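Trainee: Pasting final_20.csv below, which is CSV, C-alpha atoms.
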```
chain,number,residue,atom,x,y,z
W,234,ASP,CA,81.9,93.8,85.1
W,235,GLY,CA,82.3,97.5,85.7
W,236,THR,CA,78.9,98.3,87.1
W,237,TRP,CA,78.8,101.1,89.7
W,238,VAL,CA,76.9,100.4,92.8
W,239,GLN,CA,75.7,103.2,95.2
W,240,PHE,CA,75.9,102.5,98.9
W,241,HIS,CA,74.3,104.4,101.7
W,242,SER,CA,76.2,104.9,105.0
W,243,TYR,CA,74.3,103.8,108.1
W,244,LEU,CA,74.7,103.3,111.8
W,245,GLU,CA,72.5,100.2,112.1
W,246,VAL,CA,69.5,98.3,110.8
W,247,ILE,CA,66.5,98.0,113.0
W,248,SER,CA,65.7,94.4,112.3
W,249,SER,CA,62.5,94.3,114.4
W,250,ALA,CA,61.0,97.0,112.1
W,251,ASN,CA,60.6,94.6,109.1
W,252,THR,CA,57.8,96.6,107.4
W,253,GLU,CA,57.6,100.2,106.3
W,254,ALA,CA,54.8,100.9,108.9
W,255,LYS,CA,56.9,99.6,111.8
W,256,CYS,CA,59.9,101.6,110.5
W,257,ASN,CA,57.8,104.7,110.4
W,258,LYS,CA,56.9,104.2,114.1
W,259,TYR,CA,60.6,104.3,115.0
W,260,LYS,CA,61.0,107.3,112.7
W,261,ASN,CA,58.3,109.2,114.4
W,262,THR,CA,59.5,108.6,117.9
W,263,ASP,CA,63.3,109.0,117.5
W,264,LYS,CA,64.1,112.7,117.3
W,265,ARG,CA,67.9,112.1,117.3
W,266,ASN,CA,68.4,110.1,114.1
W,267,LYS,CA,67.3,110.0,110.5
W,268,ILE,CA,65.5,106.7,110.1
W,269,SER,CA,64.4,105.6,106.7
W,270,TRP,CA,62.7,102.6,105.0
W,271,MET,CA,65.2,102.1,102.2
W,272,SER,CA,67.6,99.9,100.3
W,273,ILE,CA,71.2,100.4,101.3
W,274,ARG,CA,72.6,99.3,97.9
W,275,SER,CA,71.4,100.5,94.5
W,276,ASP,CA,71.8,97.0,93.0
W,277,LYS,CA,69.4,95.4,95.6
W,278,ASP,CA,65.7,95.8,95.9
W,279,GLN,CA,65.5,94.6,99.5
W,280,LYS,CA,64.3,97.5,101.8
W,281,MET,CA,64.9,97.7,105.5
W,282,CYS,CA,64.6,100.1,108.4
W,283,VAL,CA,67.9,101.9,108.4
W,284,VAL,CA,69.3,104.4,111.0
W,285,GLN,CA,71.3,106.6,108.7
W,286,ALA,CA,74.7,108.0,109.7
W,287,PRO,CA,74.8,111.7,110.4
W,288,LEU,CA,76.3,114.0,107.8
W,289,PRO,CA,79.9,115.0,108.6
W,290,LYS,CA,80.3,118.2,110.5
W,291,CYS,CA,82.2,120.7,108.5
W,292,GLU,CA,82.5,124.3,109.8
W,293,GLN,CA,85.1,127.0,110.0
W,294,ALA,CA,87.3,126.8,113.1
W,295,PRO,CA,87.2,129.7,115.5
W,296,TRP,CA,89.9,132.3,115.0
W,297,SER,CA,93.2,132.1,116.9
W,298,ARG,CA,96.8,132.7,116.1
W,299,VAL,CA,98.6,130.1,114.1
W,300,ASN,CA,99.2,126.8,115.9
W,301,HIS,CA,97.7,128.1,119.1
W,302,LEU,CA,95.6,125.9,121.2
W,303,GLY,CA,94.3,128.4,123.8
W,304,ASN,CA,91.9,131.2,124.2
W,305,SER,CA,90.1,132.3,121.0
W,306,ILE,CA,88.6,135.7,120.1
W,307,ASP,CA,85.5,134.5,121.9
W,308,THR,CA,84.5,137.4,124.2
W,309,LYS,CA,83.7,134.9,127.0
W,310,GLY,CA,87.4,133.8,127.2
W,311,ASN,CA,86.6,130.3,126.2
W,312,ALA,CA,89.3,128.1,124.7
W,313,SER,CA,89.1,127.2,121.0
W,314,ARG,CA,87.2,123.9,120.7
W,315,VAL,CA,84.8,121.8,118.6
W,316,ASP,CA,81.6,120.6,120.2
W,317,THR,CA,80.5,117.2,118.9
W,318,GLU,CA,78.0,114.5,119.7
W,319,LEU,CA,78.5,110.8,119.7
W,320,PRO,CA,76.0,108.9,117.6
W,321,TYR,CA,73.0,107.4,119.3
W,322,PHE,CA,72.2,103.8,118.4
W,323,PRO,CA,68.5,103.0,119.0
W,324,SER,CA,69.2,99.3,119.6
W,325,GLY,CA,71.3,100.1,122.7
W,326,THR,CA,73.9,97.6,121.5
W,327,ALA,CA,77.4,98.5,122.5
W,328,LYS,CA,79.5,99.7,119.6
W,329,ARG,CA,83.2,100.5,119.1
W,330,CYS,CA,84.0,104.0,118.1
W,331,VAL,CA,87.2,105.7,116.8
W,332,MET,CA,87.8,109.4,117.0
W,333,ARG,CA,90.8,111.0,115.4
W,334,LEU,CA,92.1,114.1,117.0
W,335,ARG,CA,95.0,116.2,115.7
W,336,TYR,CA,97.0,118.6,117.8
W,337,ASN,CA,99.6,121.2,116.7
W,338,ILE,CA,101.5,123.3,119.1
W,339,THR,CA,104.1,126.0,118.9
W,340,THR,CA,106.1,126.6,122.1
W,341,ASP,CA,108.4,129.4,123.4
W,342,GLU,CA,111.4,127.0,123.9
W,343,PHE,CA,113.2,128.7,121.0
W,344,ASP,CA,113.2,131.8,119.0
W,345,ASN,CA,110.0,131.4,116.8
W,346,TYR,CA,111.0,134.2,114.4
W,347,GLY,CA,114.7,133.5,114.1
W,348,THR,CA,114.6,129.7,113.7
W,349,ASP,CA,114.2,128.2,110.3
W,350,HIS,CA,115.4,125.3,108.1
W,351,ARG,CA,119.1,126.2,108.7
W,352,HIS,CA,118.6,125.1,112.3
W,353,ASN,CA,117.5,121.5,111.4
W,354,TYR,CA,119.5,118.8,113.3
W,355,ASP,CA,122.6,118.0,111.2
W,356,LEU,CA,125.7,116.8,113.2
W,357,SER,CA,127.9,116.8,110.0
W,358,LYS,CA,127.5,120.6,110.0
W,359,GLY,CA,127.6,120.9,113.8
W,360,VAL,CA,124.0,122.0,114.0
W,361,ILE,CA,121.9,120.8,116.9
W,362,SER,CA,118.3,121.7,116.5
W,363,PRO,CA,116.6,123.7,119.3
W,364,VAL,CA,113.5,121.6,118.6
W,365,GLU,CA,113.7,118.1,120.0
W,366,ASP,CA,111.4,115.2,119.3
W,367,ASN,CA,110.3,113.0,122.2
W,368,PRO,CA,110.1,109.6,120.6
W,369,PHE,CA,108.4,108.2,123.7
W,370,VAL,CA,105.0,109.2,125.1
W,371,ASP,CA,103.7,108.3,128.6
W,372,VAL,CA,100.2,106.9,128.3
W,373,ALA,CA,98.6,105.3,131.4
W,374,GLY,CA,102.0,104.7,133.0
W,375,GLU,CA,103.6,103.0,130.0
W,376,SER,CA,106.2,104.8,127.9
W,377,LYS,CA,105.5,103.9,124.3
W,378,PRO,CA,107.3,105.0,121.1
W,379,LEU,CA,105.3,107.3,118.8
W,380,ARG,CA,104.2,105.8,115.5
```
Show me the file's structure as structure tokens.
Mentor:
Amino acid sequence: DGTWVQFHSYLEVISSANTEAKCNKYKNTDKRNKISWMSIRSDKDQKMCVVQAPLPKCEQAPWSRVNHLGNSIDTKGNASRVDTELPYFPSGTAKRCVMRLRYNITTDEFDNYGTDHRHNYDLSKGVISPVEDNPFVDVAGESKPLR
């Protein structure tokens, strides 16, 4: 009917904490998570003990040259990286997790400054690109096509 409903993201519900007082005991002993006695939907009054999902981590990447995965300007000589923590689930129940990683690389297999769109692979013009895709990747001994 066009009614907006606000949802709250959460890791899990602590079902054994079925009162606000029991939930507060978890809240006071768990220093890793934000635990709240709350409703997870704005259209429902039912409150429960909820382990809230952490806020997304958003920060500026360390300086390095374009498309370079290597040493950063860090004076200790450390490689560029992002430190992260996996969520902690108070229930101890096994969970499935997905992490998306993205990797860009520039190599020295061709002239980085003299190669441009005119070098794209085009056999009709007799152009063979110096950059070649590898449509198969070897993961755990199985050569699989990239998707």
Trainee: With a distance cut-off of 10 Å and all atoms listed in the file, select the neighbouring residues of Lys255 in chain W, excluding the residue or stretch itself and same-chain residues fewer than 6 positions from it, and output the selection as a PyMOL selection string.
Mentor: chain W and resi 247+249+270+282
Trainee: What does the structure give for the distance between CA of Ser248 in chain W and CA of Met281 in chain W, in Å to one decimal?
Mentor: 7.6 Å
Trainee: One decimal, in Å: what's the spacing between CA of Phe240 in chain W and CA of Ser272 in chain W?
Mentor: 8.8 Å
Trainee: Might you pull out every residue within 12 Å of Leu319 in chain W, with all atoms listed in the file counted and same-chain residues fewer than 6 positions away left off, and present them as a VMD selection string?
Mentor: chain W and resid 244 265 to 266 286 to 287 289 to 290 328 to 332
Trainee: List the neighbours of Cys291 in chain W out to 12 Å using all atoms listed in the file; skip same-chain residues closer than 4 positions along the sequence, and give me the result as a count of residues only.
Mentor: 4
